[in-house]
Structure formats: C-alpha cells, structure tokens
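Q: The following file, coords.txt, comprises compact mmCIF, C-alpha atoms:
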# COMPACT_ATOMS: atom_id res chain seq x y z
CA ALA A 1104 84.61 96.78 66.43
CA ASN A 1105 85.75 95.67 62.97
CA VAL A 1106 85.27 96.50 59.32
CA GLY A 1107 86.36 94.25 56.47
CA ASP A 1108 87.91 90.80 56.55
CA SER A 1109 90.48 91.18 59.33
CA MET A 1110 89.43 88.96 62.21
CA CYS A 1111 90.10 88.53 65.92
CA TYR A 1112 89.82 85.30 67.88
CA LEU A 1113 89.75 84.76 71.63
CA ASP A 1114 91.48 81.65 73.00
CA ASP A 1115 90.88 80.90 76.68
CA GLY A 1116 92.81 77.64 76.59
CA ALA A 1117 89.70 75.50 76.17
CA HIS A 1118 87.61 77.27 73.54
CA VAL A 1119 88.37 79.50 70.54
CA THR A 1120 85.74 82.14 69.83
CA ALA A 1121 85.47 84.68 67.01
CA LEU A 1122 85.19 88.26 68.33
CA SER A 1123 84.69 89.90 64.94
CA THR A 1124 82.34 89.58 61.99
CA ASP A 1125 83.54 88.53 58.56
CA HIS A 1126 82.25 91.08 56.05
CA ARG A 1127 83.00 89.03 52.96
CA VAL A 1128 79.71 88.43 51.21
CA GLU A 1129 80.87 84.90 50.47
CA ASN A 1130 80.82 84.09 54.19
CA SER A 1131 77.96 86.23 55.51
CA GLU A 1132 74.37 85.62 54.55
CA GLU A 1133 73.34 88.63 56.66
CA GLU A 1134 75.57 90.94 54.62
CA ARG A 1135 74.35 89.50 51.33
CA LYS A 1136 70.78 90.31 52.33
CA ARG A 1137 71.76 93.85 53.37
CA VAL A 1138 73.53 94.51 50.04
CA ILE A 1139 70.57 93.30 47.99
CA ALA A 1140 68.14 95.32 50.12
CA ALA A 1141 70.28 98.44 49.47
CA GLY A 1142 70.04 97.92 45.68
CA GLY A 1143 73.32 96.11 45.10
CA GLU A 1144 73.99 92.80 43.42
CA ILE A 1145 76.04 89.75 44.39
CA GLY A 1146 77.90 87.84 41.68
CA ARG A 1147 81.21 86.49 40.47
CA ALA A 1148 83.51 88.29 38.09
CA ALA A 1149 83.41 87.12 34.46
CA VAL A 1150 86.48 86.37 32.41
CA GLU A 1151 85.85 85.58 28.71
CA GLY A 1152 82.24 84.99 29.57
CA LYS A 1153 82.97 82.55 32.38
CA ALA A 1154 82.28 83.26 36.08
CA CYS A 1155 85.35 82.93 38.26
CA GLY A 1156 86.61 83.85 41.67
CA PRO A 1157 84.64 84.52 44.87
CA PRO A 1158 81.27 86.33 45.03
CA ARG A 1159 81.58 90.13 44.93
CA VAL A 1160 79.47 93.21 45.52
CA TRP A 1161 78.35 95.10 42.41
CA PRO A 1162 78.75 97.83 41.38
CA GLY A 1163 82.42 97.97 42.34
CA GLY A 1164 83.42 94.33 42.46
CA LEU A 1165 84.61 94.26 46.09
CA GLN A 1166 84.55 91.02 48.04
CA MET A 1167 83.50 92.87 51.19
CA SER A 1168 80.31 94.68 52.00
CA ARG A 1169 81.91 96.90 54.69
CA THR A 1170 85.24 98.63 54.17
CA ILE A 1171 87.17 101.84 54.89
CA GLY A 1172 88.90 103.76 52.08
CA ASP A 1173 87.17 102.12 49.09
CA GLY A 1174 84.71 104.91 48.31
CA ASN A 1175 86.19 105.42 44.83
CA CYS A 1176 85.42 101.86 43.72
CA ALA A 1177 82.08 101.14 45.37
CA ASP A 1178 78.67 102.69 45.92
CA SER A 1179 78.83 104.22 49.43
CA SER A 1180 75.16 103.42 50.01
CA ILE A 1181 75.86 99.72 49.47
CA VAL A 1182 79.42 99.18 50.70
CA VAL A 1183 79.43 101.04 54.01
CA PRO A 1184 82.18 101.94 56.54
CA HIS A 1185 80.05 101.19 59.60
CA PRO A 1186 81.69 98.57 61.84
CA SER A 1187 80.22 95.53 63.49
CA VAL A 1188 80.58 95.77 67.27
CA THR A 1189 80.96 92.81 69.63
CA THR A 1190 81.08 93.00 73.42
CA ARG A 1191 82.47 90.11 75.43
CA ALA A 1192 83.84 89.81 78.96
CA LEU A 1193 87.37 88.43 79.15
CA PRO A 1194 87.88 85.32 81.32
CA ASN A 1195 89.19 85.90 84.85
CA ASP A 1196 91.89 83.28 84.25
CA GLY A 1197 93.35 85.22 81.32
CA ALA A 1198 93.21 84.56 77.59
CA ARG A 1199 94.94 85.14 74.28
CA LEU A 1200 93.78 87.41 71.45
CA ILE A 1201 94.89 86.78 67.86
CA PHE A 1202 94.35 89.68 65.44
CA ALA A 1203 95.15 89.03 61.79
CA SER A 1204 94.34 90.17 58.28
CA ASP A 1205 92.72 87.88 55.75
CA GLY A 1206 96.10 86.55 54.59
CA LEU A 1207 96.23 84.35 57.70
CA TRP A 1208 92.59 83.32 57.76
CA ASP A 1209 92.70 82.31 54.08
CA ALA A 1210 95.30 79.73 55.13
CA LEU A 1211 94.27 78.70 58.65
CA SER A 1212 91.02 78.60 60.58
CA GLY A 1213 90.75 80.42 63.89
CA LYS A 1214 90.82 77.20 65.90
CA THR A 1215 93.78 75.78 64.01
CA ALA A 1216 95.81 78.97 64.42
CA ALA A 1217 95.06 79.34 68.15
CA ARG A 1218 95.79 75.71 69.02
CA ALA A 1219 99.04 75.69 67.05
CA VAL A 1220 100.65 78.42 69.15
CA ARG A 1221 99.18 77.93 72.63
CA LYS A 1222 102.51 77.05 74.21
CA MET A 1223 104.44 79.87 72.53
CA PRO A 1224 105.03 83.41 73.83
CA PRO A 1225 103.15 86.12 71.89
CA GLY A 1226 106.06 87.28 69.71
CA HIS A 1227 107.05 83.78 68.67
CA ALA A 1228 103.40 82.87 68.11
CA ALA A 1229 102.84 85.77 65.69
CA ARG A 1230 105.96 84.92 63.67
CA HIS A 1231 105.03 81.24 63.58
CA LEU A 1232 101.57 82.02 62.21
CA VAL A 1233 102.97 84.29 59.48
CA LYS A 1234 105.38 81.55 58.39
CA ALA A 1235 102.58 78.98 58.44
CA ALA A 1236 100.40 81.17 56.22
CA LEU A 1237 103.29 81.78 53.81
CA LYS A 1238 103.92 78.06 53.53
CA ALA A 1239 100.24 77.25 53.01
CA ARG A 1240 99.52 79.99 50.47
CA GLY A 1241 102.82 80.36 48.69
CA ASP A 1242 102.67 84.17 48.59
CA ARG A 1243 103.13 87.12 50.95
CA ASP A 1244 99.93 88.99 50.16
CA ASP A 1245 98.36 90.72 53.16
CA ILE A 1246 99.61 88.61 56.08
CA THR A 1247 99.69 90.63 59.30
CA VAL A 1248 99.40 88.98 62.72
CA ILE A 1249 99.26 90.43 66.25
CA VAL A 1250 99.11 88.16 69.32
CA VAL A 1251 98.20 89.63 72.72
CA ASP A 1252 98.15 87.73 76.01
CA VAL A 1253 95.68 89.06 78.58
CA PRO A 1254 96.91 88.28 82.13
CA PRO A 1255 94.58 86.78 84.73
CA ASN A 1256 92.70 89.11 87.04
CA PRO A 1257 94.35 89.45 90.48
CA PRO A 1258 92.52 87.58 93.23
CA THR A 1259 89.99 89.59 95.17
CA PRO A 1260 91.27 90.23 98.71
CA THR A 1261 89.15 88.65 101.41
CA THR A 1262 88.47 90.25 104.77
CA THR A 1263 87.59 88.51 107.99
CA THR A 1264 85.84 90.10 110.91
CA THR A 1265 86.47 88.93 114.45
CA ALA A 1266 84.22 89.96 117.30
CA ALA A 1267 85.95 92.12 119.89
CA ALA A 1268 86.70 90.42 123.19
CA PRO A 1269 85.25 91.95 126.35
CA LEU A 1270 87.49 94.13 128.51
CA ALA A 1271 89.49 92.12 130.99
CA ALA A 1272 89.97 93.24 134.56
CA SER A 1273 93.38 94.63 135.49
CA THR A 1274 95.27 92.68 138.13
CA ASN A 1275 98.57 94.55 138.29
CA GLY A 1276 97.50 98.18 138.05
CA THR A 1277 98.07 98.31 134.29
CA PRO A 1278 95.05 99.34 132.20
CA ALA A 1279 93.46 96.30 130.55
CA VAL A 1280 93.23 96.20 126.76
CA ALA A 1281 90.62 94.32 124.77
CA THR A 1282 92.00 92.63 121.64
CA ALA A 1283 90.33 90.93 118.72
CA GLY A 1284 91.95 88.00 116.97
CA ALA A 1285 95.66 87.51 117.66
CA PRO A 1286 96.86 88.99 120.99
CA VAL A 1287 98.94 92.17 120.86
CA GLU A 1288 102.04 92.38 123.04
CA MET A 1289 102.30 95.62 125.00
CA ALA A 1290 105.27 96.86 127.04
CA THR A 1291 104.19 97.89 130.52
CA SER A 1292 107.69 98.60 131.91
CA ALA A 1293 111.29 99.11 130.73
CA ASP A 1294 111.93 95.39 131.21
CA ASP A 1295 109.15 94.54 128.76
CA VAL A 1296 110.66 96.42 125.79
CA PRO A 1297 111.30 93.91 122.94
CA ASP A 1298 114.89 93.17 121.96
CA TRP A 1299 114.46 94.56 118.44
CA VAL A 1300 113.33 97.91 119.88
CA ARG A 1301 116.41 97.99 122.13
CA ALA A 1302 118.61 97.30 119.11
CA GLU A 1303 117.07 100.19 117.18
CA GLN A 1304 117.54 102.50 120.15
CA ALA A 1305 121.22 101.50 120.47
CA ILE A 1306 121.80 102.32 116.79
CA LEU A 1307 120.16 105.73 117.17
CA MET A 1308 122.16 106.55 120.31
CA GLY A 1309 125.37 105.50 118.58
CA ASN A 1310 124.60 107.85 115.71
CA PHE A 1311 123.95 110.74 118.12
CA GLU A 1312 127.24 110.11 119.94
CA MET A 1313 129.18 110.03 116.68
CA MET A 1314 127.60 113.32 115.60
CA ALA A 1315 128.48 114.92 118.92
CA LYS A 1316 132.14 113.85 118.58
CA THR A 1317 132.51 115.18 115.05
CA MET A 1318 130.81 118.55 115.69
CA PRO A 1319 133.19 121.41 116.65
CA ALA A 1320 133.07 122.87 120.13
CA GLN A 1321 130.67 125.73 120.75
CA GLU A 1322 133.43 128.30 121.25
CA ASP A 1323 134.93 127.42 117.86
CA THR A 1324 131.68 127.94 115.99
CA GLN A 1325 131.61 131.72 116.11
CA TRP A 1326 129.13 131.86 113.24
CA GLU A 1327 126.53 130.16 115.42
CA THR A 1328 126.34 133.14 117.78
CA VAL A 1329 126.54 135.98 115.25
CA PRO A 1330 123.02 137.31 114.69
CA PHE A 1331 121.77 138.12 111.26
CA ARG A 1332 122.31 141.74 110.27
CA SER A 1333 121.13 143.61 107.21
CA LYS A 1334 123.59 144.95 104.64
CA ASN A 1335 123.28 148.49 106.00
CA ALA A 1336 123.92 147.32 109.58
CA VAL A 1337 126.99 145.40 108.47
CA SER A 1338 128.39 148.43 106.65
CA ALA A 1339 127.81 150.62 109.70
CA ALA A 1340 129.58 148.09 111.93
CA ILE A 1341 132.56 147.98 109.59
CA ALA A 1342 132.82 151.77 109.47
CA GLU A 1343 132.69 151.96 113.26
CA ALA A 1344 135.42 149.34 113.65
CA GLN A 1345 137.68 151.06 111.15
CA SER A 1346 137.26 154.40 112.88
CA GLN A 1347 138.35 152.86 116.18
CA ASP A 1348 141.36 151.10 114.72
CA GLY A 1349 142.41 152.29 111.30
CA GLU A 1350 144.99 149.53 110.87
CA ASP A 1351 142.58 146.71 111.61
CA ARG A 1352 140.18 146.42 108.68
CA VAL A 1353 137.26 144.08 108.98
CA GLU A 1354 135.77 142.40 105.92
CA PRO A 1355 131.99 142.09 105.70
CA PRO A 1356 130.70 138.76 107.01
CA GLU A 1357 129.16 136.49 104.40
CA ALA A 1358 125.46 135.81 104.72
CA ASP A 1359 124.38 132.25 103.93
CA GLY A 1360 120.67 133.01 103.69
CA SER A 1361 119.84 130.99 106.78
CA GLY A 1362 119.75 133.83 109.33
CA ARG A 1363 123.42 133.41 110.30
CA GLY A 1364 126.18 135.92 109.65
CA GLY A 1365 129.67 135.37 108.32
CA ARG A 1366 133.04 134.82 109.94
CA GLY A 1367 134.95 137.48 111.89
CA ARG A 1368 138.63 137.72 112.69
CA GLY A 1369 140.45 134.44 112.58
CA GLY A 1370 138.05 133.22 109.82
CA ARG A 1371 138.31 133.73 106.13
CA GLY A 1372 137.29 137.41 106.44
CA GLY A 1373 140.01 138.50 108.93
CA ARG A 1374 143.48 139.76 108.19
Would you kindly transcribe this structure into structure tokens?

A:
Amino acid sequence: ANVGDSMCYLDDGAHVTALSTDHRVENSEEERKRVIAAGGEIGRAAVEGKACGPPRVWPGGLQMSRTIGDGNCADSSIVVPHPSVTTRALPNDGARLIFASDGLWDALSGKTAARAVRKMPPGHAARHLVKAALKARGDRDDITVIVVDVPPNPPTPTTTTTAAAPLAASTNGTPAVATAGAPVEMATSADDVPDWVRAEQAILMGNFEMMAKTMPAQEDTQWETVPFRSKNAVSAAIAEAQSQDGEDRVEPPEADGSGRGGRGRGGRGGR
C-alpha cells in the first residue's frame, strides 16, 4: 500500500517491476481523471503570468493527488489519504525490494537503480543509490532509500513411500522382522551388539565405578540412616539425652529439607 510519490520496485534478477502507484498527477492519467471528477483542477503554477513547473492539483497546488498530512493545504475531498494497494507473490528464488522517496526516482528510473546495485549487499546498495541521486540532482532534497533482500524459499521436503516386504520365515528361532527400504540390523545375541554400543556401555560402567570409589563408605555416612524428625521430636530427643548424661550435650541435627536429619556426635553438631 502506498500514498504519495514514494515508490517500491521489485527486482528478481531478470525483471524490475513497480509495486506501487505514482500519485503525481503529472504521471498518472487515472489520478487526473479522479481529481477532475471530484471538482478539482489540474494546472501549472504561474509566475509573472507564465506557467512553470510540473502540473499540480488545485485548489492547494500539490503535485500529488493522494497524500497524508496535507489537509491544511488541499481540499480533502480532492486530495485524499486513501492508499493504492498492490498484491504480488514474491518469487521462490528470492528477490530484492527497493523503497525510496521521490528524491531518488527524480534522478534514476526503477530499472536503472535496480540494475546498478544488483551485485551489492543491501546496505552498500542503499548508500550507492543515495550518492548517485545526489550527483545527478545536485541537492539533498528528500532522498531516502531502503534496500531489502528477500531470501529464497526453502526447498519443499520430498517423501518417498516404499512398500513393506512380506514377513520372512525364521530359520534360527529368532522372530523374523519385515523391513521396508534399507535393511535394519538387529542384535539377536550378546555377540551381535555393535562396537559403538559396547563403547558407550564401557564409558557408562567406568563412570559408575568412579562414583563408587569416590563415595564414602556406608558406615561413615551417618546422615543417610537418620530418619527425618520434626522440630518437636528433635527437641524431645535432646532433652532425653541431656537428662541421661548432663555433661554430654547434643546439638540439634540440621535438616536439609530432603527428608534427612543432621549430624550427630563426631559431626559438626557434637562436642
């Protein structure tokens, strides 16, 4: 969708196509007819009685018949903000879009601009077109360029269907398996286990053995066998121990929230 004289061109590498409509009355016979039908006039500005410059829409004197933000200098029933809308499918092989204001298109045609920057990346292409327009026009008025590369569509995955083979009879007591396409290797005994599976198993067993060596013995892990007790039960146990042996005070075991109690004598809590 576009309004005004900014334009967009699509370059697929072989053809350059305009995707927008130029709303300058100088370039659009359709817009000239619409303006006149709405009660407007088309004419050039007069300076000292002489016509000069491009055709404009009157009242207002705008060069465009569709704009946004010019309601204070044009009749809104003649110069309208309604856009022209174009729908076009992008090529599957990818393409390039060149958006630019009229400062570029006053200097270069769509085809000339697209062909000049086909081998450049988008950022370099946009800067090159701005410089080209500056050189051609000699001023910086209203030159804005955006270049966008649309990547190709990914290839559609293809699927192949292979008819299932009939079940084969078993000759060695092993259940037969029907396969479609490439055969599937199946281990029917310990001797048939692939080497890569054996290697993975050896790594796992080595890890288990290393863990077993680094873990403390069961008798040293007193916390493993201490059941979880509530705070009240712990306090009662401490009181009972102190009453039996007043000199031996037992600190409360620390709960770790996992259902296991704390350490007893000989650990951090003992004295």

Q: Residues of region 1162-1216 of chain A that have any atom at most 8 Å from an atom of region 1231-1243 of chain A: could you tabulate them with the shortest-distance atom pair and the distance in Å to one decimal, using all atoms listed in the file, ordered by chain and increasing number, as a Markdown table?

A:
| residue | atom | partner | partner_atom | distance |
| --- | --- | --- | --- | --- |
| A:Gly1206 | CA | A:Ala1236 | CA | 7.1 |
| A:Leu1207 | CA | A:Ala1236 | CA | 5.4 |
| A:Ala1210 | CA | A:Ala1236 | CA | 5.4 |
| A:Leu1211 | CA | A:Ala1236 | CA | 7.0 |
| A:Ala1216 | CA | A:Leu1232 | CA | 6.9 |

Q: Restrict the calculation to all atoms listed in the file, then for each residue of region 1176-1203 of chain A with any atom at most 9 Å from an atom of region 1141-1154 of chain A give the closest atom pair and their distance in Å to one decimal, rows by chain and rising residue number, as JSON lines.

A:
{"residue": "A:Asp1178", "atom": "CA", "partner": "A:Gly1143", "partner_atom": "CA", "distance": 8.5}
{"residue": "A:Ser1180", "atom": "CA", "partner": "A:Ala1141", "partner_atom": "CA", "distance": 7.0}
{"residue": "A:Ile1181", "atom": "CA", "partner": "A:Ala1141", "partner_atom": "CA", "distance": 5.7}
{"residue": "A:Val1182", "atom": "CA", "partner": "A:Gly1143", "partner_atom": "CA", "distance": 8.8}

Q: May I have the residues within 8 Å of Asp1205 (chain A) as number ranges by chain, using only C-alpha atoms and disregarding those fewer than 6 positions away in the same chain?

A: A: 1108-1110, 1245-1246

Q: Would you kindly identify which residues have an atom no farther than 7 Å from (91.9, 80.1, 77.7), using only C-alpha atoms and the file's own coordinates, and write them out as a PyMOL selection string?

A: chain A and resi 1114-1118+1197-1199

Q: As an exercise, work out the distance from CA of Glu1129 (chain A) to CA of Pro1184 (chain A) in Å and give it to one decimal place.

A: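 Result for CA of Glu1129 (chain A) versus CA of Pro1184 (chain A): 18.1 Å, one decimal.
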
Q: Within 12 Å of Asn1175 (chain A), counting all atoms listed in the file, which residues qualify if same-chain residues fewer than 5 places away don't, as a ChimeraX atom specification?

A: /A:1162-1165,1170,1182
